[in-house]
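Asker: Structure file query18.cif (mmCIF, C-alpha atoms and all ligand atoms) right here:
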```cif
data_coords
#
loop_
_atom_site.label_atom_id
_atom_site.label_comp_id
_atom_site.auth_asym_id
_atom_site.auth_seq_id
_atom_site.Cartn_x
_atom_site.Cartn_y
_atom_site.Cartn_z
CA MET A 1 -78.97 -35.63 -38.38
CA LYS A 2 -76.14 -37.06 -40.46
CA LYS A 3 -73.71 -34.39 -41.60
CA ASN A 4 -72.23 -34.28 -45.06
CA ILE A 5 -68.54 -33.94 -44.22
CA LYS A 6 -66.21 -34.68 -41.37
CA ILE A 7 -63.82 -31.86 -40.61
CA GLY A 8 -60.52 -32.00 -38.77
CA ALA A 9 -58.73 -28.85 -37.60
CA LEU A 10 -55.16 -27.92 -36.73
CA VAL A 11 -54.57 -24.89 -34.49
CA SER A 12 -51.62 -23.28 -32.74
CA GLY A 13 -53.23 -20.48 -30.78
CA GLY A 14 -56.40 -19.11 -29.30
CA GLY A 15 -58.67 -20.70 -31.85
CA SER A 16 -61.29 -18.01 -32.51
CA ASN A 17 -61.61 -19.29 -36.09
CA LEU A 18 -61.93 -22.80 -34.75
CA GLN A 19 -64.75 -21.56 -32.54
CA ALA A 20 -66.50 -19.93 -35.50
CA ILE A 21 -66.31 -23.21 -37.42
CA ILE A 22 -67.52 -25.32 -34.50
CA ASP A 23 -70.43 -22.91 -33.95
CA ALA A 24 -71.31 -22.97 -37.65
CA CYS A 25 -71.35 -26.79 -37.60
CA GLU A 26 -73.53 -26.82 -34.51
CA SER A 27 -75.99 -24.30 -35.96
CA ASP A 28 -76.09 -26.11 -39.33
CA LYS A 29 -74.50 -23.23 -41.25
CA ILE A 30 -71.93 -25.85 -42.16
CA ASP A 31 -73.24 -29.25 -43.15
CA GLY A 32 -70.36 -30.91 -41.36
CA GLU A 33 -69.07 -32.04 -37.99
CA MET A 34 -65.73 -31.38 -36.36
CA VAL A 35 -64.13 -34.75 -35.63
CA PHE A 36 -60.75 -33.76 -34.19
CA VAL A 37 -58.62 -30.78 -33.23
CA GLY A 38 -54.85 -31.21 -33.33
CA THR A 39 -52.09 -28.81 -32.39
CA ASP A 40 -48.33 -28.36 -32.38
CA ASN A 41 -48.61 -26.32 -29.19
CA PRO A 42 -49.44 -28.13 -25.94
CA ILE A 43 -50.91 -24.95 -24.43
CA ALA A 44 -52.97 -23.79 -27.44
CA GLY A 45 -56.21 -22.14 -26.33
CA GLY A 46 -57.98 -23.96 -29.15
CA LEU A 47 -57.61 -27.22 -27.20
CA LYS A 48 -59.85 -25.92 -24.42
CA ARG A 49 -62.45 -24.77 -26.94
CA ALA A 50 -62.49 -28.22 -28.54
CA ARG A 51 -62.82 -30.01 -25.22
CA GLN A 52 -65.76 -27.77 -24.28
CA HIS A 53 -67.54 -29.21 -27.33
CA ASN A 54 -66.43 -32.80 -26.66
CA ILE A 55 -64.23 -32.86 -29.73
CA PRO A 56 -61.23 -35.21 -29.48
CA THR A 57 -57.85 -33.44 -29.37
CA PHE A 58 -54.20 -34.36 -29.80
CA VAL A 59 -50.81 -32.68 -29.58
CA VAL A 60 -47.79 -33.23 -31.80
CA ASP A 61 -45.11 -31.14 -30.14
CA TYR A 62 -43.07 -29.74 -33.05
CA ASN A 63 -40.54 -28.03 -30.73
CA GLU A 64 -39.76 -31.32 -29.06
CA ILE A 65 -39.17 -32.97 -32.46
CA ILE A 66 -36.97 -30.11 -33.69
CA ASN A 67 -34.91 -30.31 -30.48
CA GLU A 68 -34.55 -34.08 -30.86
CA PHE A 69 -33.05 -33.42 -34.29
CA LYS A 70 -30.77 -30.63 -33.08
CA ASN A 71 -29.44 -32.72 -30.19
CA ASN A 72 -28.71 -35.79 -32.25
CA PRO A 73 -29.14 -35.39 -36.01
CA ARG A 74 -27.42 -38.70 -36.80
CA GLU A 75 -29.83 -40.76 -34.73
CA PHE A 76 -32.91 -38.84 -35.89
CA LYS A 77 -35.40 -41.15 -37.53
CA ALA A 78 -37.29 -39.89 -40.57
CA PRO A 79 -40.45 -41.73 -41.66
CA ASP A 80 -39.62 -44.79 -43.82
CA ASP A 81 -41.45 -43.35 -46.81
CA PHE A 82 -39.75 -39.93 -46.62
CA ASP A 83 -37.70 -39.20 -49.71
CA PRO A 84 -35.51 -36.12 -49.08
CA ALA A 85 -34.77 -35.50 -52.77
CA GLU A 86 -38.45 -35.71 -53.65
CA ALA A 87 -39.44 -33.35 -50.80
CA LEU A 88 -36.74 -30.89 -51.85
CA SER A 89 -37.80 -30.89 -55.48
CA ARG A 90 -41.46 -30.23 -54.58
CA GLN A 91 -41.19 -27.59 -51.85
CA THR A 92 -41.49 -23.96 -52.93
CA PHE A 93 -40.89 -22.23 -49.58
CA PHE A 94 -37.21 -21.67 -50.21
CA HIS A 95 -36.20 -19.73 -53.31
CA GLY A 96 -32.76 -18.71 -54.48
CA ARG A 97 -29.73 -19.10 -52.23
CA HIS A 98 -30.32 -20.88 -48.95
CA ASP A 99 -28.25 -22.94 -46.57
CA GLN A 100 -28.76 -26.49 -47.86
CA GLN A 101 -28.29 -28.00 -44.41
CA LYS A 102 -31.02 -25.78 -43.00
CA ILE A 103 -33.43 -26.77 -45.75
CA ASN A 104 -32.70 -30.46 -45.18
CA ALA A 105 -33.19 -30.06 -41.43
CA PHE A 106 -36.48 -28.27 -42.06
CA LEU A 107 -37.79 -30.95 -44.42
CA ILE A 108 -36.76 -33.91 -42.27
CA THR A 109 -38.14 -32.50 -39.00
CA ARG A 110 -41.40 -31.52 -40.73
CA ALA A 111 -41.77 -35.00 -42.20
CA ALA A 112 -41.23 -36.55 -38.76
CA ALA A 113 -43.82 -34.24 -37.19
CA GLU A 114 -46.27 -34.72 -40.04
CA PHE A 115 -45.91 -38.49 -39.83
CA ARG A 116 -47.11 -38.22 -36.23
CA LEU A 117 -49.93 -35.87 -37.23
CA LEU A 118 -51.09 -38.34 -39.89
CA ARG A 119 -51.00 -41.19 -37.39
CA GLN A 120 -53.15 -39.23 -34.92
CA MET A 121 -55.55 -38.06 -37.62
CA ALA A 122 -56.02 -41.60 -38.93
CA ALA A 123 -57.97 -42.44 -35.78
CA PHE A 124 -60.75 -40.08 -36.89
CA PRO A 125 -61.81 -40.58 -40.52
CA TRP A 126 -62.16 -37.11 -42.06
CA ASP A 127 -62.89 -35.39 -45.38
CA LEU A 128 -61.52 -31.86 -44.98
CA LEU A 129 -58.62 -30.55 -42.91
CA VAL A 130 -58.85 -26.88 -41.92
CA LEU A 131 -55.86 -24.93 -40.68
CA ALA A 132 -57.21 -22.42 -38.20
CA GLY A 133 -54.24 -20.38 -37.06
CA PHE A 134 -51.85 -23.35 -37.43
CA MET A 135 -48.46 -21.65 -37.42
CA ARG A 136 -46.45 -24.44 -39.07
CA LYS A 137 -45.89 -24.88 -42.77
CA LEU A 138 -47.10 -28.17 -44.17
CA SER A 139 -44.38 -29.81 -46.27
CA PRO A 140 -44.73 -31.89 -49.44
CA TYR A 141 -44.54 -35.03 -47.26
CA ILE A 142 -47.98 -34.54 -45.69
CA LEU A 143 -49.53 -32.86 -48.72
CA ASP A 144 -48.70 -35.84 -50.93
CA CYS A 145 -50.15 -38.22 -48.35
CA ILE A 146 -53.43 -36.28 -48.20
CA ASP A 147 -54.05 -34.72 -51.60
CA LYS A 148 -54.52 -37.30 -54.32
CA ASN A 149 -56.95 -35.41 -56.55
CA PRO A 150 -55.63 -32.02 -57.80
CA ALA A 151 -59.18 -30.92 -58.64
CA ARG A 152 -60.34 -31.41 -55.07
CA PRO A 153 -57.66 -30.60 -52.52
CA ARG A 154 -58.49 -31.51 -48.94
CA ILE A 155 -56.66 -28.86 -46.92
CA MET A 156 -57.83 -25.25 -46.43
CA ASN A 157 -56.17 -22.34 -44.70
CA ILE A 158 -57.21 -18.86 -43.62
CA HIS A 159 -54.70 -16.08 -44.05
CA PRO A 160 -54.92 -12.56 -42.56
CA ALA A 161 -54.21 -10.59 -45.75
CA LEU A 162 -55.43 -10.23 -49.30
CA LEU A 163 -53.21 -12.84 -50.93
CA PRO A 164 -50.99 -12.92 -52.87
CA ALA A 165 -49.94 -9.79 -50.94
CA PHE A 166 -48.28 -10.37 -47.58
CA PRO A 167 -47.89 -14.12 -47.16
CA GLY A 168 -46.19 -15.22 -43.92
CA THR A 169 -46.97 -14.98 -40.26
CA ASP A 170 -48.08 -11.36 -39.81
CA GLY A 171 -50.51 -10.49 -42.59
CA TYR A 172 -52.40 -7.73 -40.78
CA GLY A 173 -49.18 -6.20 -39.44
CA ASP A 174 -47.53 -6.27 -42.87
CA THR A 175 -50.64 -4.71 -44.45
CA LEU A 176 -50.73 -1.88 -41.92
CA ARG A 177 -46.98 -1.23 -41.98
CA TYR A 178 -47.03 -1.00 -45.77
CA GLY A 179 -49.61 1.77 -45.52
CA CYS A 180 -52.37 -0.08 -47.39
CA LYS A 181 -55.77 1.58 -47.51
CA VAL A 182 -57.48 -1.79 -47.73
CA GLY A 183 -56.84 -4.93 -45.70
CA GLY A 184 -58.51 -8.30 -45.81
CA CYS A 185 -58.43 -12.04 -45.35
CA THR A 186 -58.23 -14.98 -47.71
CA VAL A 187 -59.30 -18.60 -47.57
CA HIS A 188 -57.33 -20.84 -49.90
CA PHE A 189 -56.41 -24.43 -50.54
CA VAL A 190 -52.95 -25.36 -49.34
CA ASP A 191 -50.25 -26.21 -51.88
CA TYR A 192 -46.48 -26.68 -51.75
CA GLY A 193 -45.74 -22.97 -51.25
CA GLU A 194 -46.26 -20.46 -48.47
CA ASP A 195 -49.87 -19.18 -48.53
CA SER A 196 -49.78 -19.67 -52.30
CA GLY A 197 -52.59 -22.14 -53.03
CA PRO A 198 -55.73 -21.51 -55.12
CA ILE A 199 -57.99 -18.87 -53.60
CA ILE A 200 -61.51 -19.84 -52.51
CA GLY A 201 -62.76 -16.59 -51.00
CA GLN A 202 -61.65 -13.15 -49.82
CA ARG A 203 -63.09 -10.29 -47.79
CA ALA A 204 -61.73 -6.74 -47.78
CA PHE A 205 -62.17 -3.80 -45.43
CA ALA A 206 -61.02 -0.19 -45.33
CA ILE A 207 -58.05 0.83 -43.23
CA GLU A 208 -58.58 4.33 -41.86
CA ALA A 209 -55.97 6.84 -40.72
CA HIS A 210 -56.78 6.20 -37.05
CA ASP A 211 -56.48 2.40 -37.29
CA THR A 212 -53.91 0.57 -35.16
CA LEU A 213 -52.65 -2.98 -35.43
CA GLU A 214 -55.19 -3.98 -32.79
CA SER A 215 -58.12 -2.37 -34.60
CA VAL A 216 -57.07 -3.85 -37.97
CA LYS A 217 -56.81 -7.32 -36.41
CA ALA A 218 -60.17 -6.90 -34.73
CA LYS A 219 -61.85 -5.86 -38.00
CA GLY A 220 -60.12 -8.63 -39.91
CA LEU A 221 -61.11 -11.36 -37.47
CA GLN A 222 -64.77 -10.39 -37.76
CA PHE A 223 -64.51 -11.06 -41.49
CA GLU A 224 -62.53 -14.27 -40.98
CA TRP A 225 -65.24 -15.72 -38.74
CA GLU A 226 -67.79 -15.27 -41.53
CA LEU A 227 -65.61 -16.15 -44.49
CA TYR A 228 -64.08 -19.40 -43.25
CA PRO A 229 -67.36 -21.16 -42.39
CA ALA A 230 -68.86 -19.94 -45.71
CA CYS A 231 -65.97 -21.46 -47.69
CA ILE A 232 -66.16 -24.71 -45.73
CA GLN A 233 -69.88 -24.90 -46.48
CA LEU A 234 -69.12 -24.58 -50.22
CA TYR A 235 -66.82 -27.56 -49.81
CA ALA A 236 -69.48 -29.49 -47.90
CA GLU A 237 -71.90 -28.84 -50.77
CA ASP A 238 -69.27 -30.13 -53.19
CA ARG A 239 -69.27 -26.84 -55.11
CA LEU A 240 -65.52 -26.25 -55.27
CA LYS A 241 -63.29 -27.50 -58.03
CA VAL A 242 -59.71 -26.46 -58.78
CA LYS A 243 -59.06 -26.05 -62.46
CA GLU A 244 -55.84 -25.42 -64.29
CA GLU A 245 -56.67 -22.98 -67.08
CA THR A 246 -54.70 -21.60 -69.96
CA CYS A 247 -55.90 -18.05 -70.62
CA PRO A 248 -55.17 -15.93 -73.66
CA ALA A 249 -53.00 -12.84 -73.17
CA SER A 250 -52.02 -9.98 -75.45
CA GLY A 251 -49.57 -10.55 -78.29
CA GLY A 252 -50.81 -14.09 -78.93
CA LYS A 253 -49.34 -15.21 -75.59
CA SER A 254 -51.06 -17.14 -72.85
CA PHE A 255 -50.74 -17.71 -69.13
CA LYS A 256 -51.65 -20.57 -66.86
CA ARG A 257 -53.45 -20.31 -63.57
CA ARG A 258 -54.97 -22.63 -60.99
CA VAL A 259 -58.35 -21.21 -60.14
CA VAL A 260 -61.14 -22.36 -57.84
CA LYS A 261 -64.41 -22.69 -59.73
CA ILE A 262 -67.48 -22.28 -57.55
CA LYS A 263 -70.47 -24.20 -58.85
CA ARG A 264 -73.62 -22.08 -59.00
CA VAL A 265 -76.75 -23.33 -57.34
CA GLN A 266 -79.74 -23.77 -59.66
CA GLY A 267 -82.11 -20.80 -59.40
CA ALA A 268 -79.75 -18.80 -57.15
C1 LIG B 301 -55.98 -15.53 -37.73
O1 LIG B 301 -55.80 -14.15 -37.97
C2 LIG B 301 -55.72 -16.33 -38.97
O2 LIG B 301 -56.00 -15.65 -40.16
C3 LIG B 301 -54.23 -16.57 -38.90
O3 LIG B 301 -53.96 -16.75 -37.53
C4 LIG B 301 -54.95 -16.10 -36.76
C5 LIG B 301 -55.52 -17.14 -35.86
O4 LIG B 301 -56.41 -16.62 -34.93
N1 LIG B 301 -53.85 -17.68 -39.74
P1 LIG B 301 -57.32 -17.62 -34.07
O5 LIG B 301 -56.37 -18.59 -33.37
O6 LIG B 301 -58.26 -18.32 -34.99
O7 LIG B 301 -58.02 -16.72 -33.09
#
```
Spell out the structure here as structure tokens.
Answerer:
Amino acid sequence: MKKNIKIGALVSGGGSNLQAIIDACESDKIDGEMVFVGTDNPIAGGLKRARQHNIPTFVVDYNEIINEFKNNPREFKAPDDFDPAEALSRQTFFHGRHDQQKINAFLITRAAAEFRLLRQMAAFPWDLLVLAGFMRKLSPYILDCIDKNPARPRIMNIHPALLPAFPGTDGYGDTLRYGCKVGGCTVHFVDYGEDSGPIIGQRAFAIEAHDTLESVKAKGLQFEWELYPACIQLYAEDRLKVKEETCPASGGKSFKRRVVKIKRVQGA
């Protein structure tokens, strides 16, 4: 049976979310097929999972690229279409005072790595890219190459916290350490910031006094494995649209927000 969308995935680790998505495609919970799995980490467990399902894989070794830059920054070749000033003006990872050289090194090495990702991905025509535990930020270079229609972004991520609380690499840990009574996970479209894009779906769960980091992670992952495939299926059904809205606020003021509208199904 022909599937509605072709999905590519990027992973860095064990890939349990990847597995949930592959399984949902195979059991028709997602009207889509996984067409590639890429990674920045040559020993990512997700690679094995992909191969077990005959899904093509590739590696773009970010560490190798970053070392190339460190060892010889003058000779380092950025992609021809990389514009450092443009990338700097669009990124929103770095706020306030930061070492300019570090930011430049970050943007140039990311662009070089992302150029290689794009080249690998081009071999497998795809509609939606899902980040499933991909531990590298995507920079404006790749986002501008992929996302041409602001109403229908093409990159999704899953984050282990109830965004906008606790962006970054350790969402469950940050939630627990803060003493939150509720934890959760979020699926969102990816934008220029860190875990800051428009939210598609969230699940929340109680954190009890006896919970540990391990038990919070275990609870959270159970929710992730349901939520991510469900959000991808909404995309496959073409029910997601990002809208920039101006909303009225008190005192005659207004605020803007980018919100994901989910189209209702007739009769549902
Ligand atoms: C998940 O908790 C996900 O939310 C986060 O990284 C973890 C990846 O786990 N982005 P896995 O590799 O899918 O098992």
Asker: Separation of CA of Pro198 (chain A) and CA of Gly251 (chain A), in Å?
Answerer: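 Those two atoms sit 26.4 Å apart.
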Asker: Can you tell me which residues surround region 88-100 of chain A at a distance of at most 7 Å, considering all atoms listed in the file, apart from same-chain residues fewer than 3 positions away, and format the answer as a list in words?
Answerer: Pro84, Ala85, Ile103, Asn104, Ser139, Pro140, Tyr192, Gly193 and Glu194 of chain A
Asker: Limited to C-alpha atoms, could you put the picked residues into a file as a PDB file, in the frame of the given file?
Answerer:
```
ATOM      1  CA  PRO A  84     -35.510 -36.120 -49.080  1.00  0.00           C
ATOM      2  CA  ALA A  85     -34.770 -35.500 -52.770  1.00  0.00           C
ATOM      3  CA  ILE A 103     -33.430 -26.770 -45.750  1.00  0.00           C
ATOM      4  CA  ASN A 104     -32.700 -30.460 -45.180  1.00  0.00           C
ATOM      5  CA  SER A 139     -44.380 -29.810 -46.270  1.00  0.00           C
ATOM      6  CA  PRO A 140     -44.730 -31.890 -49.440  1.00  0.00           C
ATOM      7  CA  TYR A 192     -46.480 -26.680 -51.750  1.00  0.00           C
ATOM      8  CA  GLY A 193     -45.740 -22.970 -51.250  1.00  0.00           C
ATOM      9  CA  GLU A 194     -46.260 -20.460 -48.470  1.00  0.00           C
TER      10      GLU A 194
END
```
Asker: Measuring between only C-alpha atoms, which one of A:Asp31, A:Glu237, A:Asp191, A:Asp80 shows the shortest distance to Met156 (chain A)?
Answerer: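 Of all the options, A:Asp191 lies closest to Met156 (chain A).
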Asker: Please return the centre and edge lengths, in Å to one decimal, of a box with edges along x, y and z that contains all listed atoms of ligand LIG 301 (chain B), widened by 3 Å on every side, as JSON.
Answerer:
```
{"center_x": -56.1, "center_y": -16.4, "center_z": -36.6, "size_x": 10.4, "size_y": 10.4, "size_z": 13.1}
```
Asker: Return as a ChimeraX atom specification the residues of protein, DNA or RNA that approach ligand LIG 301 (chain B) to within 8 Å, with only C-alpha atoms and all ligand atoms taken into account.
Answerer: /A:11-19,45-46,131-135,157-161,169,171-172,185-186,217,220-221,224
Asker: Using all atoms listed in the file, determine which residues lie at most 7 Å from Leu128 (chain A), disregarding the query and same-chain residues fewer than 3 positions distant; provide the list as a PDB file with C-alpha atoms, in the frame of the given file.
Answerer:
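New file around.pdb:
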```
ATOM      1  CA  LYS A   6     -66.210 -34.680 -41.370  1.00  0.00           C
ATOM      2  CA  ILE A   7     -63.820 -31.860 -40.610  1.00  0.00           C
ATOM      3  CA  GLY A   8     -60.520 -32.000 -38.770  1.00  0.00           C
ATOM      4  CA  ARG A 154     -58.490 -31.510 -48.940  1.00  0.00           C
ATOM      5  CA  ILE A 155     -56.660 -28.860 -46.920  1.00  0.00           C
TER       6      ILE A 155
END
```
Asker: If we count all atoms listed in the file and set the cut-off at 7 Å, which residues sit around Phe205 (chain A), ignoring sequence neighbours fewer than 2 positions away in its own chain? Please answer as a list in words.
Answerer: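 After dropping sequence-adjacent residues, the list is Val182, Gly183, Gly184, Arg203 and Ile207 of chain A.
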Asker: From the list A:Lys137, A:Lys48, A:Lys148, A:Arg74, which residue is nearest Pro167 (chain A) when using all atoms listed in the file?
Answerer: A:Lys137
Asker: So the first atom is CA of Trp126 (chain A) and the second is CA of Arg258 (chain A); what is the distance between them in Å, to one decimal place?
Answerer: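 Taking CA of Trp126 (chain A) and CA of Arg258 (chain A), their separation equals 24.9 Å.
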Asker: Kindly indicate which residue among A:Phe106, A:Phe58, A:Tyr141, A:Phe124 lies nearest to Ala44 (chain A), using all atoms listed in the file for the distances.
Answerer: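 The answer is A:Phe58, which sits nearest to Ala44 (chain A).
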Asker: Per residue of region 43-109 of chain A within 12 Å of region 35-38 of chain A, which atom pair is closest and at what distance in Å (one decimal), using all atoms listed in the file, listed by chain and increasing number, as CSV?
Answerer:
```
residue,atom,partner,partner_atom,distance
A:Ile43,CA,A:Gly38,CA,11.6
A:Ala44,CA,A:Gly38,CA,9.7
A:Gly45,CA,A:Val37,CA,11.3
A:Gly46,CA,A:Val37,CA,8.0
A:Leu47,CA,A:Val37,CA,7.1
A:Lys48,CA,A:Val37,CA,10.1
A:Arg49,CA,A:Val37,CA,9.5
A:Ala50,CA,A:Val37,CA,6.6
A:Arg51,CA,A:Val37,CA,9.1
A:Gln52,CA,A:Val37,CA,11.8
A:His53,CA,A:Val35,CA,10.5
A:Asn54,CA,A:Val35,CA,9.5
A:Ile55,CA,A:Phe36,CA,5.7
A:Pro56,CA,A:Phe36,CA,5.0
A:Thr57,CA,A:Val37,CA,4.8
A:Phe58,CA,A:Gly38,CA,4.8
A:Val59,CA,A:Gly38,CA,5.7
A:Val60,CA,A:Gly38,CA,7.5
A:Asp61,CA,A:Gly38,CA,10.2
A:Tyr62,CA,A:Gly38,CA,11.9
```
Asker: Measuring atom to atom with only C-alpha atoms, identify which of A:Ala218, A:Leu138, A:Leu129, A:Ile30 is nearest to Lys3 (chain A).
Answerer: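 For Lys3 (chain A), the nearest of the candidates is A:Ile30.
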Asker: For Asn63 (chain A), which residue among A:Lys2, A:Lys256, A:Lys29, A:Arg136 is the nearest when counting all atoms listed in the file?
Answerer: A:Arg136
Asker: Taking only residues of region 154-216 of chain A that have an atom at most 10 Å from an atom of region 241-246 of chain A, what is each one's shortest atom pair and its distance in Å to one decimal, using only C-alpha atoms, in chain and number order, as JSON lines?
Answerer:
```
{"residue": "A:Phe189", "atom": "CA", "partner": "A:Val242", "partner_atom": "CA", "distance": 9.1}
{"residue": "A:Pro198", "atom": "CA", "partner": "A:Val242", "partner_atom": "CA", "distance": 7.3}
{"residue": "A:Ile199", "atom": "CA", "partner": "A:Val242", "partner_atom": "CA", "distance": 9.3}
{"residue": "A:Ile200", "atom": "CA", "partner": "A:Val242", "partner_atom": "CA", "distance": 9.3}
```
Asker: One decimal, in Å: what's the spacing between CA of Gly173 (chain A) and CA of Tyr235 (chain A)?
Answerer: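 These atoms are spaced 29.6 Å apart.
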Asker: Under the rule that only C-alpha atoms are counted, which of A:Ile21, A:Glu208, A:Ala9, A:Leu162 is the nearest residue to Tyr228 (chain A)?
Answerer: A:Ile21
